[in-house]
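Shown below: structure14.cif, with mmCIF, C-alpha atoms and all ligand atoms.
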```cif
data_start
#
loop_
_atom_site.label_atom_id
_atom_site.label_comp_id
_atom_site.auth_asym_id
_atom_site.auth_seq_id
_atom_site.Cartn_x
_atom_site.Cartn_y
_atom_site.Cartn_z
CA MET A 1194 8.62 12.07 10.25
CA LYS A 1195 12.24 12.68 9.42
CA ALA A 1196 12.03 11.84 5.71
CA GLN A 1197 10.69 14.56 3.43
CA ASP A 1198 9.04 12.06 1.08
CA PHE A 1199 7.19 8.76 1.37
CA ILE A 1200 8.38 6.74 -1.61
CA SER A 1201 9.11 3.42 0.06
CA ALA A 1202 7.90 1.61 3.18
CA GLN A 1203 11.54 1.98 4.21
CA ASP A 1204 11.16 5.76 4.48
CA ILE A 1205 9.45 5.42 7.86
CA THR A 1206 10.90 4.12 11.11
CA THR A 1207 9.15 1.84 13.59
CA ASP A 1208 8.46 4.69 16.02
CA GLU A 1209 7.18 6.88 13.21
CA LEU A 1210 4.90 4.08 12.02
CA LEU A 1211 3.41 3.64 15.48
CA GLY A 1212 3.05 7.43 15.87
CA LEU A 1213 1.26 7.57 12.53
CA PHE A 1214 -1.13 4.82 13.63
CA GLU A 1215 -1.98 6.76 16.81
CA LEU A 1216 -2.61 9.92 14.79
CA ALA A 1217 -4.70 8.04 12.22
CA LYS A 1218 -6.76 6.53 15.05
CA ASP A 1219 -7.39 9.97 16.51
CA MET A 1220 -8.28 11.35 13.09
CA LYS A 1221 -10.69 8.46 12.53
CA GLY A 1222 -12.41 9.08 15.87
CA ASN A 1223 -12.27 12.90 15.90
CA ARG A 1224 -12.59 13.97 12.30
CA LYS A 1225 -13.66 17.54 13.11
CA LYS A 1226 -10.59 18.22 15.26
CA TYR A 1227 -8.43 18.25 12.09
CA PHE A 1228 -10.81 20.09 9.76
CA ARG A 1229 -8.57 23.15 9.43
CA SER A 1230 -5.24 21.64 10.37
CA ARG A 1231 -3.78 21.96 6.84
CA GLU A 1232 -5.98 24.79 5.63
CA GLY A 1233 -5.17 26.18 2.20
CA MET A 1234 -2.70 23.40 1.33
CA THR A 1235 -2.88 21.92 -2.15
CA LEU A 1236 -2.19 18.33 -3.11
CA ALA A 1237 -1.46 17.46 -6.75
CA MET A 1238 -2.46 13.90 -7.59
CA ILE A 1239 -0.71 12.48 -10.65
CA PHE A 1240 -2.27 9.28 -11.96
CA GLU A 1241 -0.74 7.33 -14.82
CA LYS A 1242 -2.80 4.25 -13.90
CA PRO A 1243 -6.45 3.81 -12.90
CA SER A 1244 -7.60 4.07 -9.28
CA LEU A 1245 -10.66 4.09 -7.07
CA ARG A 1246 -9.36 3.96 -3.51
CA THR A 1247 -6.15 5.98 -3.88
CA ARG A 1248 -7.85 8.76 -5.79
CA VAL A 1249 -10.87 9.06 -3.52
CA THR A 1250 -9.01 8.71 -0.22
CA PHE A 1251 -6.32 11.26 -1.12
CA ASP A 1252 -8.85 13.73 -2.47
CA VAL A 1253 -11.27 13.37 0.44
CA GLY A 1254 -8.33 13.23 2.85
CA ILE A 1255 -6.81 16.57 1.86
CA GLN A 1256 -10.29 18.18 1.90
CA GLN A 1257 -10.90 16.89 5.43
CA LEU A 1258 -7.64 18.58 6.50
CA GLY A 1259 -8.86 21.90 5.07
CA GLY A 1260 -6.89 21.72 1.83
CA ASN A 1261 -7.74 20.82 -1.73
CA GLY A 1262 -6.65 18.31 -4.33
CA ILE A 1263 -6.01 18.59 -8.06
CA PHE A 1264 -6.39 15.46 -10.17
CA LEU A 1265 -3.94 15.10 -13.05
CA GLY A 1266 -4.74 12.06 -15.19
CA PRO A 1267 -2.58 10.33 -17.80
CA SER A 1268 -3.73 12.56 -20.64
CA ASP A 1269 -3.29 15.77 -18.62
CA ILE A 1270 0.47 15.70 -18.09
CA ASN A 1271 1.58 12.89 -20.40
CA LEU A 1272 4.60 12.53 -18.13
CA GLY A 1273 7.91 12.01 -19.90
CA LYS A 1274 6.37 12.60 -23.32
CA ARG A 1275 4.75 16.03 -23.31
CA GLU A 1276 7.09 17.16 -20.54
CA SER A 1277 10.01 15.66 -18.60
CA VAL A 1278 9.70 14.52 -14.98
CA PHE A 1279 12.27 17.21 -14.07
CA ASP A 1280 10.23 20.00 -15.66
CA VAL A 1281 6.97 18.78 -14.12
CA ALA A 1282 8.66 18.70 -10.68
CA LYS A 1283 10.10 22.19 -11.13
CA ASN A 1284 6.69 23.59 -12.11
CA LEU A 1285 4.59 21.86 -9.48
CA GLU A 1286 6.90 22.71 -6.57
CA ARG A 1287 6.04 26.38 -7.17
CA MET A 1288 2.30 25.78 -7.39
CA VAL A 1289 1.28 23.12 -4.89
CA ASP A 1290 2.43 21.98 -1.44
CA ILE A 1291 2.61 18.20 -1.84
CA ILE A 1292 2.44 15.65 -4.69
CA MET A 1293 1.03 12.13 -4.75
CA ILE A 1294 2.06 10.13 -7.79
CA ARG A 1295 0.87 6.77 -9.15
CA THR A 1296 3.06 5.64 -12.02
CA PHE A 1297 4.78 2.67 -13.66
CA SER A 1298 8.55 2.82 -13.13
CA HIS A 1299 9.63 3.40 -9.52
CA SER A 1300 12.43 5.64 -10.81
CA ILE A 1301 9.86 8.21 -12.02
CA CYS A 1302 8.74 8.55 -8.42
CA THR A 1303 12.28 8.82 -7.02
CA ASP A 1304 13.22 11.30 -9.79
CA MET A 1305 10.22 13.42 -8.89
CA ALA A 1306 11.35 13.38 -5.25
CA ASP A 1307 14.93 14.29 -6.25
CA HIS A 1308 13.82 17.29 -8.29
CA ALA A 1309 10.84 18.70 -6.38
CA GLY A 1310 11.47 20.62 -3.17
CA ILE A 1311 8.08 19.56 -1.78
CA PRO A 1312 7.01 16.20 -0.28
CA ILE A 1313 6.30 13.37 -2.73
CA ILE A 1314 4.07 10.42 -1.82
CA ASN A 1315 4.18 7.17 -3.76
CA GLY A 1316 0.60 6.25 -4.63
CA LEU A 1317 1.81 2.99 -6.27
CA THR A 1318 4.62 2.14 -8.65
CA ASP A 1319 5.51 -1.18 -10.26
CA HIS A 1320 7.87 -1.73 -7.32
CA GLU A 1321 6.00 -0.56 -4.19
CA HIS A 1322 2.66 0.48 -2.78
CA PRO A 1323 3.70 1.88 0.61
CA CYS A 1324 0.44 3.73 1.44
CA GLN A 1325 -1.35 0.41 1.07
CA ALA A 1326 0.99 -1.23 3.59
CA LEU A 1327 0.32 1.63 6.04
CA ALA A 1328 -3.43 0.97 5.82
CA ASP A 1329 -2.94 -2.80 6.04
CA PHE A 1330 -0.86 -2.74 9.21
CA PHE A 1331 -2.98 0.05 10.72
CA THR A 1332 -5.99 -2.23 10.21
CA LEU A 1333 -4.24 -5.14 11.94
CA TRP A 1334 -3.06 -2.84 14.74
CA GLU A 1335 -6.63 -1.56 15.26
CA LEU A 1336 -7.95 -5.11 15.43
CA ARG A 1337 -5.16 -6.89 17.28
CA GLY A 1338 -3.19 -4.23 19.18
CA ASP A 1339 0.55 -4.79 19.48
CA LEU A 1340 1.77 -6.30 16.21
CA LYS A 1341 5.06 -7.67 17.49
CA GLY A 1342 5.16 -11.44 17.09
CA LYS A 1343 2.18 -11.55 14.70
CA LYS A 1344 2.42 -13.32 11.34
CA LEU A 1345 1.05 -12.13 8.00
CA THR A 1346 1.09 -14.43 5.00
CA TYR A 1347 0.86 -12.99 1.51
CA VAL A 1348 -0.23 -15.52 -1.12
CA GLY A 1349 0.13 -14.74 -4.83
CA ASP A 1350 2.37 -12.56 -6.98
CA GLY A 1351 5.56 -11.16 -5.44
CA ASN A 1352 4.58 -7.67 -6.59
CA ASN A 1353 4.54 -4.03 -5.46
CA VAL A 1354 2.05 -4.76 -2.66
CA ALA A 1355 4.09 -7.75 -1.43
CA HIS A 1356 7.26 -5.60 -1.40
CA SER A 1357 5.76 -2.87 0.78
CA LEU A 1358 4.22 -5.45 3.13
CA LEU A 1359 7.61 -7.14 3.57
CA LEU A 1360 9.39 -3.86 4.32
CA ALA A 1361 6.78 -2.37 6.65
CA GLY A 1362 6.01 -5.69 8.34
CA ALA A 1363 9.65 -6.29 9.24
CA ARG A 1364 9.89 -2.88 10.92
CA LEU A 1365 6.79 -3.58 12.97
CA GLY A 1366 8.12 -6.93 14.18
CA VAL A 1367 5.55 -8.80 12.08
CA SER A 1368 6.75 -12.04 10.51
CA VAL A 1369 5.90 -11.94 6.82
CA SER A 1370 5.67 -15.10 4.76
CA VAL A 1371 5.25 -14.76 0.99
CA ALA A 1372 3.95 -17.79 -0.94
CA THR A 1373 4.33 -17.48 -4.72
CA PRO A 1374 4.70 -19.74 -7.74
CA LYS A 1375 8.30 -20.35 -8.83
CA GLY A 1376 9.58 -17.40 -10.84
CA TYR A 1377 7.14 -14.92 -9.24
CA GLU A 1378 8.97 -14.39 -5.95
CA PRO A 1379 9.44 -10.86 -4.59
CA ASP A 1380 12.57 -8.90 -5.55
CA ALA A 1381 15.65 -10.39 -3.88
CA GLY A 1382 16.92 -6.98 -2.72
CA VAL A 1383 13.61 -6.20 -1.01
CA VAL A 1384 13.63 -9.59 0.72
CA GLU A 1385 17.22 -9.00 1.87
CA ASN A 1386 16.34 -5.57 3.31
CA ALA A 1387 13.25 -6.95 5.01
CA LYS A 1388 15.31 -9.79 6.52
CA MET A 1389 17.84 -7.34 7.96
CA ASP A 1390 15.08 -5.30 9.61
CA ALA A 1391 13.17 -8.39 10.74
CA GLN A 1392 16.27 -9.59 12.58
CA LYS A 1393 16.43 -6.30 14.50
CA PHE A 1394 12.76 -6.42 15.44
CA GLY A 1395 12.47 -10.11 16.26
CA ALA A 1396 10.46 -11.13 13.20
CA LYS A 1397 11.00 -13.70 10.44
CA ILE A 1398 10.81 -13.24 6.69
CA GLU A 1399 10.05 -16.29 4.60
CA VAL A 1400 9.58 -16.85 0.87
CA THR A 1401 8.05 -20.17 -0.10
CA ASN A 1402 6.36 -21.82 -3.08
CA ASP A 1403 4.00 -23.71 -0.77
CA PRO A 1404 0.84 -21.74 0.14
CA VAL A 1405 -0.29 -24.29 2.75
CA ALA A 1406 3.03 -24.17 4.60
CA GLY A 1407 3.01 -20.37 4.20
CA VAL A 1408 -0.31 -19.80 5.96
CA ALA A 1409 0.49 -22.03 8.95
CA ASN A 1410 0.05 -19.98 12.16
CA ALA A 1411 -0.85 -16.86 10.19
CA ASP A 1412 -2.80 -14.10 11.96
CA ALA A 1413 -3.56 -12.48 8.60
CA VAL A 1414 -3.83 -13.92 5.10
CA TYR A 1415 -3.38 -11.44 2.27
CA THR A 1416 -3.70 -11.66 -1.49
CA ASP A 1417 -3.73 -9.37 -4.53
CA VAL A 1418 -4.55 -9.71 -8.22
CA TRP A 1419 -2.37 -12.12 -10.20
CA ALA A 1420 -1.77 -9.62 -13.01
CA SER A 1421 -1.09 -6.07 -11.90
CA MET A 1422 -1.80 -2.90 -13.85
CA GLY A 1423 0.52 -2.96 -16.85
CA GLN A 1424 0.62 -6.79 -16.97
CA GLU A 1425 -2.75 -7.26 -18.71
CA ALA A 1426 -1.16 -9.16 -21.63
CA GLU A 1427 0.04 -11.85 -19.19
CA ALA A 1428 -3.32 -12.24 -17.44
CA GLU A 1429 -4.45 -15.47 -19.14
CA GLU A 1430 -1.10 -17.22 -18.72
CA ARG A 1431 -0.91 -16.11 -15.09
CA LYS A 1432 -4.38 -17.51 -14.33
CA LYS A 1433 -3.07 -21.01 -15.03
CA ILE A 1434 0.17 -20.56 -13.10
CA PHE A 1435 -1.43 -18.96 -10.07
CA SER A 1436 -4.56 -21.13 -9.68
CA PRO A 1437 -2.99 -23.30 -6.91
CA TYR A 1438 -2.47 -20.04 -5.00
CA GLN A 1439 -6.14 -19.08 -4.75
CA VAL A 1440 -7.18 -18.01 -1.26
CA ASN A 1441 -10.27 -20.16 -0.65
CA SER A 1442 -11.92 -21.54 2.48
CA GLU A 1443 -9.70 -24.61 2.40
CA LEU A 1444 -6.55 -22.50 2.52
CA MET A 1445 -7.99 -20.11 5.13
CA ALA A 1446 -8.70 -23.16 7.32
CA LYS A 1447 -4.93 -23.81 7.48
CA ALA A 1448 -4.25 -20.39 9.06
CA ASN A 1449 -5.04 -19.49 12.68
CA PRO A 1450 -8.79 -19.87 13.36
CA ASP A 1451 -9.10 -16.13 14.10
CA ALA A 1452 -6.96 -15.04 11.13
CA VAL A 1453 -8.25 -12.04 9.19
CA PHE A 1454 -8.36 -11.87 5.41
CA LEU A 1455 -6.86 -8.79 3.74
CA HIS A 1456 -6.81 -7.63 0.10
CA CYS A 1457 -5.69 -4.25 -1.22
CA LEU A 1458 -8.55 -4.31 -3.80
CA PRO A 1459 -9.61 -4.29 -6.56
CA ALA A 1460 -10.25 -8.03 -6.26
CA HIS A 1461 -10.83 -10.46 -9.06
CA ARG A 1462 -13.38 -12.63 -7.30
CA GLY A 1463 -13.12 -16.27 -8.33
CA GLU A 1464 -9.43 -15.86 -9.22
CA GLU A 1465 -7.06 -14.95 -6.37
CA VAL A 1466 -9.91 -15.09 -3.82
CA THR A 1467 -13.28 -16.80 -3.66
CA ASP A 1468 -16.51 -14.98 -2.78
CA GLU A 1469 -16.76 -17.25 0.22
CA VAL A 1470 -13.53 -15.85 1.70
CA ILE A 1471 -13.84 -12.19 0.72
CA ASP A 1472 -17.44 -12.07 1.99
CA SER A 1473 -16.71 -14.09 5.14
CA LYS A 1474 -16.64 -12.83 8.72
CA GLN A 1475 -12.84 -13.09 8.63
CA SER A 1476 -12.61 -10.59 5.78
CA VAL A 1477 -11.79 -6.99 6.75
CA VAL A 1478 -11.17 -5.69 3.22
CA PHE A 1479 -13.58 -2.75 3.35
CA ARG A 1480 -12.30 -1.57 6.73
CA GLU A 1481 -8.83 -1.85 5.19
CA ALA A 1482 -9.94 0.27 2.19
CA GLU A 1483 -11.49 2.90 4.50
CA ASN A 1484 -8.29 3.00 6.52
CA ARG A 1485 -6.41 4.27 3.46
CA LEU A 1486 -8.20 7.56 4.17
CA HIS A 1487 -7.19 7.78 7.83
CA VAL A 1488 -3.52 6.77 7.48
CA GLN A 1489 -2.98 8.97 4.44
CA LYS A 1490 -4.50 11.95 6.24
CA ALA A 1491 -2.05 11.26 9.06
CA LEU A 1492 0.78 10.92 6.52
CA MET A 1493 -0.04 14.21 4.78
CA HIS A 1494 -0.43 15.90 8.16
CA GLU A 1495 3.12 14.78 9.06
CA LEU A 1496 4.72 15.62 5.72
CA LEU A 1497 3.11 19.05 5.27
N1 LIG B 1 -5.72 -0.51 -3.32
C1 LIG B 1 -5.65 0.48 -4.22
O1 LIG B 1 -4.64 1.16 -4.35
O2 LIG B 1 -6.78 0.69 -4.95
P1 LIG B 1 -6.89 1.62 -6.23
O3 LIG B 1 -6.04 1.02 -7.31
O4 LIG B 1 -8.35 1.63 -6.59
O5 LIG B 1 -6.40 2.99 -5.88
N1 LIG B 2 -0.66 -5.06 -7.57
C1 LIG B 2 -1.80 -4.27 -7.99
C2 LIG B 2 -2.26 -3.41 -6.87
C3 LIG B 2 -3.47 -2.56 -7.17
C4 LIG B 2 -3.86 -1.68 -6.02
C5 LIG B 2 -1.42 -3.44 -9.19
O1 LIG B 2 -0.31 -2.90 -9.21
O2 LIG B 2 -2.22 -3.36 -10.12
#
```
Step by step, read the file and then write its structure as structure tokens.
Amino acid sequence: MKAQDFISAQDITTDELLGLFELAKDMKGNRKKYFRSREGMTLAMIFEKPSLRTRVTFDVGIQQLGGNGIFLGPSDINLGKRESVFDVAKNLERMVDIIMIRTFSHSICTDMADHAGIPIINGLTDHEHPCQALADFFTLWELRGDLKGKKLTYVGDGNNVAHSLLLAGARLGVSVSVATPKGYEPDAGVVENAKMDAQKFGAKIEVTNDPVAGVANADAVYTDVWASMGQEAEAEERKKIFSPYQVNSELMAKANPDAVFLHCLPAHRGEEVTDEVIDSKQSVVFREAENRLHVQKALMHELL
């Protein structure tokens, strides 16, 4: 990878994405081959929000490469309050080899990358969740092979997960349709960037308020929680606004018959997705969660 950091799904080119998928596939099939490949390397994991998948897959991932991880929770660093982002970056770059950070404002992540002379990985900000998009498209690639010409429809909030899917999808030649309630569309700048890439790679980017039209001809239907971490106060109001955007069997039936169902998890069963869909044969959500491990190992392997 040319970029030193992985902050946005735009930090990786199409060829690099496909190379990463090949490496992740090899790592998944030949775990032992990589056991000492990053021996002695230390990953600092900064978490300002809760996590199951990101924490476990990064920690297990660095261990499986022969390194070790240090967990730094919200009360450990108290980023920006006990100590500035600049000072944290200047300390950690002398102590560890790579940093993964999950935080609120995207600018904290970019500031960390600007100030630390070691690779920074975005483990989710309010604006993007690029590691998730890597795992999502790796999962589709494993299941369907060449992704060019495929269509993924994201139904729900135009949030961090939607942004990274738009940006990564466009580079892979995947048409991405995002169906949201009015006022909850993805960021206009992200959509613009995705459209420019999509044009180059023969894909189409669409934003619609109609979930049924959105899922037409979809090879993958994706959803995420209606209220993201940090938006808990809006949860009740959002439930009413988003209820027509629930992914249920009726909506799945409007996509391609062999469409897969994806969700970054955690899921709020009975809200954005029904049990019937998430537990159906079409659902690949746990494979998708496992694949966080394999793609992030590949990512760390490339950045370190
Ligand atoms: N999908 C995902 O990032 O899960 P966690 O919030 O549990 O890390
Ligand atoms: N959009 C969700 C994703 C969780 C993995 C959030 O930010 O809470």
As AutoDock Vina command-line options, what would the box around ligand LIG 1 (chain B) look like: edges along x, y and z, 6 Å added on every side, centre and edge lengths in Å to one decimal?
```
--center_x -6.5 --center_y 1.2 --center_z -5.3 --size_x 15.7 --size_y 15.5 --size_z 16.0
```
Quiz item: If you count only C-alpha atoms and all ligand atoms, which residues end up within 8 Å of ligand LIG 2 (chain B), as a ChimeraX atom specification?
Solution: /A:1244,1317-1319,1322,1325,1352-1354,1417-1423,1457-1459
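Atom pair CA of Gly1395 (chain A) / atom C1 of ligand LIG 1 (chain B) has a distance of 29.3 Å (rounded to one decimal).
The protein and nucleic acid residues lying at most 8 Å from region 1260-1271 of chain A are Arg1229, Arg1231, Glu1232, Gly1233, Met1234, Thr1235, Leu1236, Ala1237, Met1238, Ile1239, Phe1240, Glu1241, Lys1242, Phe1251, Asp1252, Ile1255, Gln1256, Arg1275 and Glu1276 of chain A, with all atoms listed in the file considered and sequence neighbours fewer than 4 positions away removed.
Each of A:Leu1360, A:Ile1200, A:Cys1324, A:Val1289 was checked against ligand LIG 1 (chain B) using only C-alpha atoms and all ligand atoms; the smallest atom-to-atom distance is that of A:Cys1324.
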Enumerate, in order of chain and increasing residue number, the residues of region 1319-1361 of chain A with an atom no farther than 10 Å from region 1475-1480 of chain A, each with its shortest atom pair and distance in Å to one decimal, counting only C-alpha atoms, as CSV.
```
residue,atom,partner,partner_atom,distance
A:Ala1328,CA,A:Arg1480,CA,9.3
A:Asp1329,CA,A:Val1478,CA,9.2
A:Thr1332,CA,A:Arg1480,CA,7.2
A:Leu1333,CA,A:Val1477,CA,9.3
A:Leu1336,CA,A:Val1477,CA,9.7
```
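Picture a line from CA of Asp1350 (chain A) to CA of Asp1403 (chain A); it runs 12.9 Å.
The spacing separating CA of Thr1207 (chain A) from CA of Ile1398 (chain A) amounts to 16.7 Å.
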